[in-house]
$ cat my_file19.cif   # mmCIF, C-alpha atoms
data_my_file
loop_
_atom_site.group_PDB
_atom_site.id
_atom_site.type_symbol
_atom_site.label_atom_id
_atom_site.label_comp_id
_atom_site.auth_asym_id
_atom_site.auth_seq_id
_atom_site.Cartn_x
_atom_site.Cartn_y
_atom_site.Cartn_z
ATOM 1 C CA MET F 20 -7.615 2.871 13.556
ATOM 2 C CA SER F 21 -4.468 1.768 11.761
ATOM 3 C CA GLY F 22 -2.191 4.422 10.325
ATOM 4 C CA LEU F 23 -1.995 3.079 6.792
ATOM 5 C CA VAL F 24 -1.655 4.502 3.313
ATOM 6 C CA THR F 25 -3.688 2.438 0.922
ATOM 7 C CA GLY F 26 -3.492 1.400 -2.682
ATOM 8 C CA ASP F 27 -3.331 3.350 -5.941
ATOM 9 C CA ALA F 28 -1.194 5.866 -4.022
ATOM 10 C CA VAL F 29 -4.274 7.250 -2.237
ATOM 11 C CA VAL F 30 -2.906 8.478 1.054
ATOM 12 C CA LEU F 31 -5.559 7.677 3.607
ATOM 13 C CA GLY F 32 -5.561 6.142 7.029
ATOM 14 C CA LEU F 33 -7.924 3.173 6.846
ATOM 15 C CA GLN F 34 -9.351 0.845 9.435
ATOM 16 C CA PRO F 35 -8.591 -2.888 9.140
ATOM 17 C CA ALA F 36 -11.650 -4.912 8.116
ATOM 18 C CA ARG F 37 -13.082 -7.352 10.631
ATOM 19 C CA LEU F 38 -14.593 -10.784 10.250
ATOM 20 C CA PRO F 39 -18.280 -9.953 9.506
ATOM 21 C CA SER F 40 -17.566 -7.625 6.581
ATOM 22 C CA ARG F 41 -14.845 -9.895 5.236
ATOM 23 C CA ALA F 42 -17.090 -12.947 5.492
ATOM 24 C CA LEU F 43 -19.844 -11.159 3.561
ATOM 25 C CA ALA F 44 -17.371 -10.149 0.855
ATOM 26 C CA VAL F 45 -16.060 -13.710 0.569
ATOM 27 C CA LEU F 46 -19.627 -15.049 0.380
ATOM 28 C CA ILE F 47 -20.435 -12.706 -2.527
ATOM 29 C CA ASP F 48 -17.235 -13.711 -4.307
ATOM 30 C CA LEU F 49 -17.945 -17.419 -3.789
ATOM 31 C CA VAL F 50 -21.489 -17.123 -5.158
ATOM 32 C CA VAL F 51 -20.188 -15.421 -8.308
ATOM 33 C CA VAL F 52 -17.253 -17.795 -8.770
ATOM 34 C CA TRP F 53 -19.265 -20.969 -8.164
ATOM 35 C CA ALA F 54 -22.005 -19.784 -10.532
ATOM 36 C CA ALA F 55 -19.392 -19.225 -13.233
ATOM 37 C CA TYR F 56 -17.781 -22.593 -12.468
ATOM 38 C CA LEU F 57 -21.069 -24.495 -12.702
ATOM 39 C CA LEU F 58 -21.913 -22.747 -15.966
ATOM 40 C CA VAL F 59 -18.532 -23.572 -17.483
ATOM 41 C CA THR F 60 -18.765 -27.172 -16.216
ATOM 42 C CA LEU F 61 -22.145 -27.576 -17.876
ATOM 43 C CA VAL F 62 -20.817 -26.213 -21.156
ATOM 44 C CA LEU F 63 -17.757 -28.463 -20.980
ATOM 45 C CA ALA F 64 -19.897 -31.505 -20.223
ATOM 46 C CA VAL F 65 -21.817 -30.928 -23.432
ATOM 47 C CA ALA F 66 -18.728 -30.039 -25.486
ATOM 48 C CA THR F 67 -16.618 -33.005 -24.275
ATOM 49 C CA ALA F 68 -19.309 -35.672 -24.440
ATOM 50 C CA SER F 69 -17.452 -37.443 -27.239
ATOM 51 C CA LEU F 70 -14.070 -37.417 -25.436
ATOM 52 C CA ASP F 71 -12.702 -40.225 -23.304
ATOM 53 C CA GLU F 72 -12.754 -40.207 -19.513
ATOM 54 C CA ALA F 73 -9.138 -39.031 -19.092
ATOM 55 C CA ALA F 74 -9.685 -35.985 -21.314
ATOM 56 C CA THR F 75 -12.912 -35.142 -19.523
ATOM 57 C CA MET F 76 -11.175 -35.324 -16.144
ATOM 58 C CA ALA F 77 -8.314 -33.111 -17.383
ATOM 59 C CA MET F 78 -10.796 -30.504 -18.586
ATOM 60 C CA SER F 79 -12.587 -30.594 -15.241
ATOM 61 C CA VAL F 80 -9.364 -30.070 -13.274
ATOM 62 C CA ALA F 81 -8.292 -27.252 -15.601
ATOM 63 C CA SER F 82 -11.638 -25.476 -15.269
ATOM 64 C CA PHE F 83 -11.473 -25.810 -11.464
ATOM 65 C CA LEU F 84 -7.998 -24.275 -11.309
ATOM 66 C CA LEU F 85 -8.733 -21.517 -13.797
ATOM 67 C CA ILE F 86 -12.085 -20.401 -12.402
ATOM 68 C CA LEU F 87 -11.972 -21.096 -8.669
ATOM 69 C CA VAL F 88 -8.265 -20.296 -8.195
ATOM 70 C CA GLY F 89 -6.951 -18.355 -11.177
ATOM 71 C CA ALA F 90 -9.888 -15.997 -11.667
ATOM 72 C CA PRO F 91 -9.819 -14.516 -8.107
ATOM 73 C CA ILE F 92 -6.043 -14.038 -8.383
ATOM 74 C CA ALA F 93 -6.401 -12.259 -11.731
ATOM 75 C CA VAL F 94 -9.222 -10.043 -10.461
ATOM 76 C CA GLU F 95 -7.331 -8.970 -7.328
ATOM 77 C CA THR F 96 -4.203 -8.260 -9.374
ATOM 78 C CA LEU F 97 -5.918 -6.228 -12.093
ATOM 79 C CA SER F 98 -8.181 -4.327 -9.681
ATOM 80 C CA HIS F 99 -5.351 -3.689 -7.175
ATOM 81 C CA GLY F 100 -7.016 -5.593 -4.338
ATOM 82 C CA ARG F 101 -10.729 -5.157 -5.019
ATOM 83 C CA SER F 102 -12.846 -8.164 -5.913
ATOM 84 C CA LEU F 103 -16.577 -7.899 -6.602
ATOM 85 C CA GLY F 104 -17.449 -8.790 -3.006
ATOM 86 C CA LYS F 105 -14.896 -6.372 -1.568
ATOM 87 C CA MET F 106 -16.169 -3.536 -3.755
ATOM 88 C CA ALA F 107 -19.716 -4.243 -2.580
ATOM 89 C CA CYS F 108 -18.618 -4.175 1.073
ATOM 90 C CA GLY F 109 -16.222 -1.239 0.745
ATOM 91 C CA LEU F 110 -13.078 -3.306 1.381
ATOM 92 C CA ARG F 111 -9.701 -3.530 -0.269
ATOM 93 C CA VAL F 112 -6.538 -5.655 -0.015
ATOM 94 C CA VAL F 113 -3.343 -3.646 0.499
ATOM 95 C CA ARG F 114 0.220 -4.421 1.454
ATOM 96 C CA ASP F 115 1.292 -4.295 5.096
ATOM 97 C CA ASP F 116 2.552 -0.751 4.531
ATOM 98 C CA GLY F 117 -0.664 0.226 2.767
ATOM 99 C CA GLY F 118 0.571 0.247 -0.845
ATOM 100 C CA PRO F 119 -1.229 -1.490 -3.735
ATOM 101 C CA ILE F 120 -0.760 -5.251 -3.999
ATOM 102 C CA ARG F 121 0.913 -6.960 -6.941
ATOM 103 C CA PHE F 122 0.605 -10.371 -8.581
ATOM 104 C CA ARG F 123 2.765 -12.179 -6.039
ATOM 105 C CA HIS F 124 0.574 -10.981 -3.170
ATOM 106 C CA ALA F 125 -2.606 -12.093 -4.939
ATOM 107 C CA LEU F 126 -1.005 -15.435 -5.860
ATOM 108 C CA VAL F 127 -0.092 -16.267 -2.267
ATOM 109 C CA ARG F 128 -3.535 -15.211 -1.007
ATOM 110 C CA GLY F 129 -5.266 -17.253 -3.695
ATOM 111 C CA ALA F 130 -3.163 -20.367 -3.088
ATOM 112 C CA MET F 131 -3.729 -20.222 0.653
ATOM 113 C CA GLY F 132 -7.412 -19.499 0.073
ATOM 114 C CA VAL F 133 -7.845 -22.942 -1.507
ATOM 115 C CA VAL F 134 -6.942 -24.515 1.832
ATOM 116 C CA GLU F 135 -8.395 -21.859 4.147
ATOM 117 C CA ILE F 136 -11.714 -21.282 2.406
ATOM 118 C CA LEU F 137 -12.515 -23.916 -0.229
ATOM 119 C CA MET F 138 -11.175 -27.107 1.403
ATOM 120 C CA THR F 139 -12.161 -26.268 4.992
ATOM 121 C CA PHE F 140 -15.354 -24.323 4.184
ATOM 122 C CA GLY F 141 -13.813 -21.161 5.633
ATOM 123 C CA VAL F 142 -13.239 -22.558 9.126
ATOM 124 C CA VAL F 143 -9.475 -22.005 9.104
ATOM 125 C CA ALA F 144 -9.871 -18.484 7.705
ATOM 126 C CA CYS F 145 -12.454 -17.578 10.365
ATOM 127 C CA VAL F 146 -10.313 -18.870 13.219
ATOM 128 C CA ALA F 147 -7.220 -17.065 11.912
ATOM 129 C CA SER F 148 -9.150 -13.799 11.514
ATOM 130 C CA LEU F 149 -10.539 -14.020 15.040
ATOM 131 C CA VAL F 150 -7.102 -14.696 16.528
ATOM 132 C CA SER F 151 -5.288 -12.017 14.508
ATOM 133 C CA GLU F 152 -5.203 -8.531 16.012
ATOM 134 C CA ARG F 153 -5.850 -6.978 12.585
ATOM 135 C CA GLY F 154 -8.262 -9.632 11.361
ATOM 136 C CA ARG F 155 -5.830 -11.280 8.937
ATOM 137 C CA ARG F 156 -6.210 -14.820 7.649
ATOM 138 C CA LEU F 157 -3.199 -17.045 6.937
ATOM 139 C CA GLY F 158 -3.068 -15.954 3.315
ATOM 140 C CA ASP F 159 -2.651 -12.352 4.434
ATOM 141 C CA VAL F 160 0.077 -13.299 6.895
ATOM 142 C CA PHE F 161 2.145 -15.192 4.297
ATOM 143 C CA ALA F 162 1.522 -12.617 1.547
ATOM 144 C CA GLY F 163 2.212 -9.613 3.767
ATOM 145 C CA THR F 164 -1.187 -8.060 3.075
ATOM 146 C CA LEU F 165 -4.094 -6.594 4.998
ATOM 147 C CA VAL F 166 -7.778 -6.108 4.187
ATOM 148 C CA VAL F 167 -8.905 -2.588 5.083
ATOM 149 C CA ARG F 168 -12.096 -0.572 4.947
ATOM 150 C CA GLU F 169 -12.246 2.047 2.210
ATOM 151 C CA ARG F 170 -15.500 3.722 3.233
ATOM 152 C CA ILE F 171 -14.976 5.491 6.559
ATOM 153 C CA PRO F 172 -16.103 8.924 7.827
ATOM 154 C CA ALA F 173 -13.993 11.754 6.449
ATOM 155 C CA ALA F 174 -13.304 13.095 9.934
ATOM 156 C CA ARG F 175 -11.281 9.954 10.694
ATOM 157 C CA VAL F 176 -8.997 10.257 7.653
ATOM 158 C CA LEU F 177 -5.315 10.928 8.227
ATOM 159 C CA ALA F 178 -3.380 12.262 5.244
ATOM 160 C CA VAL F 179 0.361 12.179 4.691
ATOM 161 C CA PRO F 180 1.391 15.812 4.136
ATOM 162 C CA PRO F 181 3.001 16.602 0.775
ATOM 163 C CA PRO F 182 6.681 17.574 0.610
ATOM 164 C CA PRO F 183 7.819 21.159 0.000
ATOM 165 C CA PRO F 184 7.371 22.138 -3.674
ATOM 166 C CA TRP F 185 11.110 22.520 -4.191
ATOM 167 C CA LEU F 186 11.617 18.832 -3.276
ATOM 168 C CA VAL F 187 9.045 17.391 -5.706
ATOM 169 C CA GLY F 188 10.813 15.187 -8.242
ATOM 170 C CA ARG F 189 14.226 15.506 -6.581
ATOM 171 C CA PHE F 190 14.332 11.799 -5.655
ATOM 172 C CA ALA F 191 13.289 10.327 -9.015
ATOM 173 C CA GLY F 192 16.568 8.422 -9.358
ATOM 174 C CA LEU F 193 16.549 6.977 -5.836
ATOM 175 C CA ASP F 194 16.632 3.179 -5.515
ATOM 176 C CA LEU F 195 13.783 2.294 -3.139
ATOM 177 C CA SER F 196 13.718 -1.461 -3.798
ATOM 178 C CA THR F 197 15.672 -2.318 -0.631
ATOM 179 C CA VAL F 198 13.501 -0.315 1.768
ATOM 180 C CA PRO F 199 11.351 -2.740 3.827
ATOM 181 C CA GLU F 200 7.612 -2.260 4.118
ATOM 182 C CA ALA F 201 7.845 -1.901 7.902
ATOM 183 C CA LEU F 202 10.074 1.159 7.523
ATOM 184 C CA TRP F 203 7.656 2.746 5.022
ATOM 185 C CA LEU F 204 4.805 2.265 7.454
ATOM 186 C CA GLU F 205 6.797 3.787 10.319
ATOM 187 C CA ILE F 206 7.756 6.817 8.197
ATOM 188 C CA ARG F 207 4.178 7.417 7.098
ATOM 189 C CA GLN F 208 2.871 7.118 10.626
ATOM 190 C CA TYR F 209 5.451 9.653 11.775
ATOM 191 C CA LEU F 210 4.517 12.118 9.007
ATOM 192 C CA THR F 211 0.804 11.953 9.850
ATOM 193 C CA ARG F 212 1.425 12.571 13.554
ATOM 194 C CA ALA F 213 4.471 14.840 13.559
ATOM 195 C CA ARG F 214 2.589 17.910 14.794
ATOM 196 C CA ASP F 215 1.319 15.984 17.814
ATOM 197 C CA LEU F 216 4.876 15.227 18.988
ATOM 198 C CA ASP F 217 7.171 17.330 21.103
ATOM 199 C CA PRO F 218 9.424 19.267 18.662
ATOM 200 C CA ALA F 219 12.646 17.841 20.060
ATOM 201 C CA VAL F 220 11.291 14.300 20.142
ATOM 202 C CA GLY F 221 9.863 14.644 16.637
ATOM 203 C CA ARG F 222 13.180 15.965 15.305
ATOM 204 C CA ARG F 223 15.132 13.060 16.803
ATOM 205 C CA LEU F 224 12.601 10.562 15.442
ATOM 206 C CA ALA F 225 12.736 12.117 11.968
ATOM 207 C CA GLU F 226 16.521 12.025 11.947
ATOM 208 C CA ARG F 227 16.542 8.373 13.057
ATOM 209 C CA LEU F 228 14.081 7.394 10.323
ATOM 210 C CA ALA F 229 16.004 9.416 7.747
ATOM 211 C CA ASP F 230 19.272 7.734 8.746
ATOM 212 C CA GLU F 231 17.622 4.317 8.338
ATOM 213 C CA LEU F 232 16.294 5.331 4.928
ATOM 214 C CA VAL F 233 19.723 6.569 3.834
ATOM 215 C CA ALA F 234 21.290 3.304 5.026
ATOM 216 C CA ARG F 235 18.812 1.328 2.893
ATOM 217 C CA THR F 236 19.071 3.458 -0.254
ATOM 218 C CA GLY F 237 22.789 4.241 -0.027
ATOM 219 C CA THR F 238 22.174 7.828 -1.141
ATOM 220 C CA PRO F 239 22.406 10.784 1.279
ATOM 221 C CA PRO F 240 19.875 13.595 1.011
ATOM 222 C CA PRO F 241 20.707 16.938 -0.604
ATOM 223 C CA PRO F 242 22.746 19.160 1.733
ATOM 224 C CA GLY F 243 20.747 21.275 4.121
ATOM 225 C CA VAL F 244 17.443 19.386 3.690
ATOM 226 C CA PRO F 245 15.686 18.838 7.044
ATOM 227 C CA ALA F 246 14.980 15.243 7.983
ATOM 228 C CA ASP F 247 11.187 15.599 7.952
ATOM 229 C CA ALA F 248 11.254 17.250 4.511
ATOM 230 C CA TYR F 249 13.503 14.484 3.218
ATOM 231 C CA LEU F 250 11.103 11.810 4.494
ATOM 232 C CA ALA F 251 8.104 13.565 2.955
ATOM 233 C CA GLY F 252 9.880 13.902 -0.395
ATOM 234 C CA VAL F 253 10.893 10.236 -0.570
ATOM 235 C CA VAL F 254 7.414 9.045 0.425
ATOM 236 C CA ALA F 255 5.901 11.285 -2.272
ATOM 237 C CA GLU F 256 8.282 9.771 -4.819
ATOM 238 C CA ARG F 257 7.225 6.257 -3.872
ATOM 239 C CA GLN F 258 3.561 7.214 -4.098
ATOM 240 C CA ALA F 259 4.187 8.617 -7.576
ATOM 241 C CA ARG F 260 5.823 5.340 -8.637
ATOM 242 C CA ASP F 261 2.919 3.331 -7.234
ATOM 243 C CA ALA F 262 0.524 5.588 -9.106
ATOM 244 C CA ARG F 263 2.410 5.088 -12.365
ATOM 245 C CA ARG F 264 2.169 1.322 -11.921
ATOM 246 C CA ALA F 265 -1.517 1.542 -11.018
ATOM 247 C CA PHE F 266 -2.711 4.026 -13.634
ATOM 248 C CA GLY F 267 -0.042 3.714 -16.300
ATOM 249 C CA SER F 268 -0.261 7.279 -17.640
ATOM 250 C CA PRO F 269 0.952 10.718 -16.567
ATOM 251 C CA ALA F 270 -2.635 11.991 -16.479
ATOM 252 C CA GLY F 271 -3.646 9.157 -14.156
ATOM 253 C CA VAL F 272 -0.683 9.860 -11.913
ATOM 254 C CA ARG F 273 -1.561 13.543 -11.682
ATOM 255 C CA GLY F 274 -5.179 12.698 -10.901
ATOM 256 C CA ALA F 275 -4.207 10.230 -8.177
ATOM 257 C CA MET F 276 -1.753 12.586 -6.522
ATOM 258 C CA ALA F 277 -4.170 15.502 -6.791
ATOM 259 C CA GLY F 278 -6.872 13.439 -5.111
ATOM 260 C CA ALA F 279 -4.439 12.424 -2.390
ATOM 261 C CA ALA F 280 -3.379 16.008 -1.757
ATOM 262 C CA GLY F 281 -6.971 17.175 -1.751
ATOM 263 C CA SER F 282 -7.937 14.634 0.896
ATOM 264 C CA ALA F 283 -5.965 16.518 3.536
ATOM 265 C CA GLY F 284 -7.800 19.811 3.080
ATOM 266 C CA PRO F 285 -11.359 19.196 4.312
ATOM 267 C CA VAL F 286 -10.299 16.882 7.078
ATOM 268 C CA GLY F 287 -8.262 19.432 8.950
ATOM 269 C CA VAL F 288 -5.354 17.104 9.607
ATOM 270 C CA PRO F 289 -2.368 19.227 10.656
ATOM 271 C CA THR F 290 0.669 19.219 8.385
ATOM 272 C CA PRO F 291 4.147 18.954 9.895
ATOM 273 C CA ALA F 292 6.082 22.193 9.752
ATOM 274 C CA VAL F 293 8.781 21.744 7.104
ATOM 275 C CA ALA F 294 11.165 24.654 6.678
ATOM 276 C CA PRO F 295 13.186 25.006 3.447
ATOM 277 C CA PRO F 296 16.945 24.739 3.803
ATOM 278 C CA ALA F 297 18.887 27.906 4.383
ATOM 279 C CA ALA F 298 20.830 27.550 1.148
ATOM 280 C CA PRO F 299 21.160 24.220 -0.731
ATOM 281 C CA SER F 300 24.326 23.675 -2.724
ATOM 282 C CA PRO F 301 23.941 24.619 -6.409
ATOM 283 C CA VAL F 302 25.758 21.428 -7.426
ATOM 284 C CA ALA F 303 23.577 19.064 -5.418
ATOM 285 C CA SER F 304 20.292 20.730 -6.288
ATOM 286 C CA PRO F 305 19.532 21.797 -9.880
ATOM 287 C CA VAL F 306 16.462 23.691 -8.705
ATOM 288 C CA ALA F 307 17.417 25.489 -5.503
ATOM 289 C CA PRO F 308 14.945 27.402 -3.364
ATOM 290 C CA PRO F 309 15.469 31.126 -3.029
ATOM 291 C CA SER F 310 18.051 32.162 -0.462
ATOM 292 C CA VAL F 311 17.072 34.015 2.666
ATOM 293 C CA GLY F 312 17.944 37.703 2.721
ATOM 294 C CA GLY F 313 19.563 37.575 -0.741
ATOM 295 C CA GLU F 314 22.688 35.812 0.558
ATOM 296 C CA GLU F 315 23.749 32.188 0.419
ATOM 297 C CA SER F 316 24.906 30.400 3.534
ATOM 298 C CA ARG F 317 27.029 27.333 3.434
ATOM 299 C CA ALA F 318 25.400 23.956 4.225
ATOM 300 C CA PRO F 319 27.223 20.907 5.566
ATOM 301 C CA ALA F 320 28.126 18.197 3.061
ATOM 302 C CA THR F 321 26.091 15.577 4.893
ATOM 303 C CA GLY F 322 23.559 15.322 7.675
ATOM 304 C CA PHE F 323 20.343 17.170 8.324
ATOM 305 C CA ALA F 324 19.737 20.752 9.272
ATOM 306 C CA PRO F 325 17.154 21.100 12.050
ATOM 307 C CA PRO F 326 13.916 22.731 10.913
ATOM 308 C CA ALA F 327 13.632 26.441 11.647
#

$ encode --input "my_file19.cif" --output "structure tokens"
Amino acid sequence: MSGLVTGDAVVLGLQPARLPSRALAVLIDLVVVWAAYLLVTLVLAVATASLDEAATMAMSVASFLLILVGAPIAVETLSHGRSLGKMACGLRVVRDDGGPIRFRHALVRGAMGVVEILMTFGVVACVASLVSERGRRLGDVFAGTLVVRERIPAARVLAVPPPPPWLVGRFAGLDLSTVPEALWLEIRQYLTRARDLDPAVGRRLAERLADELVARTGTPPPPGVPADAYLAGVVAERQARDARRAFGSPAGVRGAMAGAAGSAGPVGVPTPAVAPPAAPSPVASPVAPPSVGGEESRAPATGFAPPA
């Protein structure tokens, strides 16, 4: 089991797909694509019968590139990693950190697929998948993607716990473009397993990850926010941005995030204990949580307060 969070901001831990299921998905895709290519070639042969040989050859090359190369790239981009064969086999292409793929990922996979699958009849792709620990072909390695299983038993699902309500939306202005995918994956794996760690070890790990995240974004967290709550809030913000790109509407975003939050309930995955800060600064936080005991306590300007 790989601790991943997969596309469309659906926070699930999915298992990497292996060679048999991937080969079946590719076979289904190839049957569909080649059928469409032969049909278009037949139509073009009739339509270009009066053209010269050079024009006929140009049309043939264009149809090959558009149907056998361009069409799979377009389908993976628009469906966020699900081709017809992958949908039939319950598979999906995601980024290394589990987020939804974009055009550049599909382009690299499609370009490498011409060599790996079409030109070598899938031999190179099969060998690469057998050698790779996570069953990745060369296109996945160069694109930074992974094919995972979407249909797994619910008891094996690991959900990233949501942040405290008072942190939702607090990181909307944070620049996350410089955060590497490897760090996202490490943060998500920590959040899903925080309750299984020794409290002291988990606190040190959360503070280390939070310090790395602050170094990448250049923006410190609000005063008094525990490290684990800060990590959960930033991950939730990134999921919301991925959902906006995937669904394109506020209603779609709310539906995606509601489905993600609901996935944690029936599974019984423990949620890390996240205590609210003792008293956030009114300047740094426009919506401050209620103070404990009716009094405000001062919080340090920087750093993280250990969870209660």

$ resolve_selection --input "my_file19.cif" --expression "the PyMOL selection byres ((chain F and resi 141) around 12)" --output "list in words"
Leu38, Arg41, Ala42, Leu43, Val45, Leu46, Leu49, Met131, Gly132, Val133, Val134, Glu135, Ile136, Leu137, Met138, Thr139, Phe140, Val142, Val143, Ala144, Cys145, Val146, Ala147, Ser148, Arg156 and Leu157 of chain F

$ residues_around --input "my_file19.cif" --residues "range 69-82 of chain F" --least-positions-apart "6" --cutoff "12 Å" --atoms "only C-alpha atoms" --output "PDB file with C-alpha atoms, in the coordinates of the input"
ATOM      1  CA  VAL F  52     -17.253 -17.795  -8.770  1.00  0.00           C
ATOM      2  CA  TRP F  53     -19.265 -20.969  -8.164  1.00  0.00           C
ATOM      3  CA  ALA F  55     -19.392 -19.225 -13.233  1.00  0.00           C
ATOM      4  CA  TYR F  56     -17.781 -22.593 -12.468  1.00  0.00           C
ATOM      5  CA  LEU F  57     -21.069 -24.495 -12.702  1.00  0.00           C
ATOM      6  CA  LEU F  58     -21.913 -22.747 -15.966  1.00  0.00           C
ATOM      7  CA  VAL F  59     -18.532 -23.572 -17.483  1.00  0.00           C
ATOM      8  CA  THR F  60     -18.765 -27.172 -16.216  1.00  0.00           C
ATOM      9  CA  LEU F  61     -22.145 -27.576 -17.876  1.00  0.00           C
ATOM     10  CA  VAL F  62     -20.817 -26.213 -21.156  1.00  0.00           C
ATOM     11  CA  LEU F  63     -17.757 -28.463 -20.980  1.00  0.00           C
ATOM     12  CA  VAL F  88      -8.265 -20.296  -8.195  1.00  0.00           C
ATOM     13  CA  GLY F  89      -6.951 -18.355 -11.177  1.00  0.00           C
ATOM     14  CA  ALA F  90      -9.888 -15.997 -11.667  1.00  0.00           C
TER      15      ALA F  90
END

$ atom_distance --input "my_file19.cif" --atom1 "CA of Gly163 in chain F" --atom2 "CA of Phe83 in chain F"
26.1 Å

$ atom_distance --input "my_file19.cif" --atom1 "CA of Ala44 in chain F" --atom2 "CA of Gly100 in chain F"
12.4 Å

$ closest_residue --input "my_file19.cif" --among "F:Met106, F:Ile86, F:Leu210, F:Leu250" --to "Val233 in chain F" --atoms "all atoms listed in the file"
F:Leu250

$ resolve_selection --input "my_file19.cif" --expression "the PyMOL selection byres ((chain F and resi 197) around 7)" --output "list of chain:residue names"
F:Leu195, F:Ser196, F:Val198, F:Pro199, F:Arg235, F:Thr236

$ resolve_selection --input "my_file19.cif" --expression "the PyMOL selection byres ((chain F and resi 103) around 9)" --output "list of chain:residue names"
F:Ala44, F:Ile47, F:Asp48, F:Val51, F:Val94, F:Arg101, F:Ser102, F:Gly104, F:Lys105, F:Met106, F:Ala107, F:Cys108

$ atom_distance --input "my_file19.cif" --atom1 "CA of Arg121 in chain F" --atom2 "CA of Arg153 in chain F"
20.7 Å

$ residues_around --input "my_file19.cif" --residues "Arg123 in chain F" --least-positions-apart "5" --cutoff "10 Å" --atoms "all atoms listed in the file" --output "list in words"
Ile92, Thr96, Arg128, Gly129 and Ala162 of chain F

$ residues_around --input "my_file19.cif" --residues "Leu110 in chain F" --least-positions-apart "6" --cutoff "6 Å" --atoms "all atoms listed in the file" --output "number ranges by chain"
F: 167-169

$ residues_near_point --input "my_file19.cif" --point "(16.4, 8.4, 7.1)" --cutoff "10 Å" --atoms "all atoms listed in the file" --output "list in words"
Leu202, Ile206, Leu224, Ala225, Glu226, Arg227, Leu228, Ala229, Asp230, Glu231, Leu232, Val233, Ala234, Arg235, Thr236, Pro239, Pro240, Ala246, Asp247, Tyr249, Leu250, Val253, Gly322 and Phe323 of chain F

$ residues_around --input "my_file19.cif" --residues "Glu152 in chain F" --least-positions-apart "5" --cutoff "12 Å" --atoms "all atoms listed in the file" --output "number ranges by chain"
F: 20-21, 35-38, 146-147, 160, 165
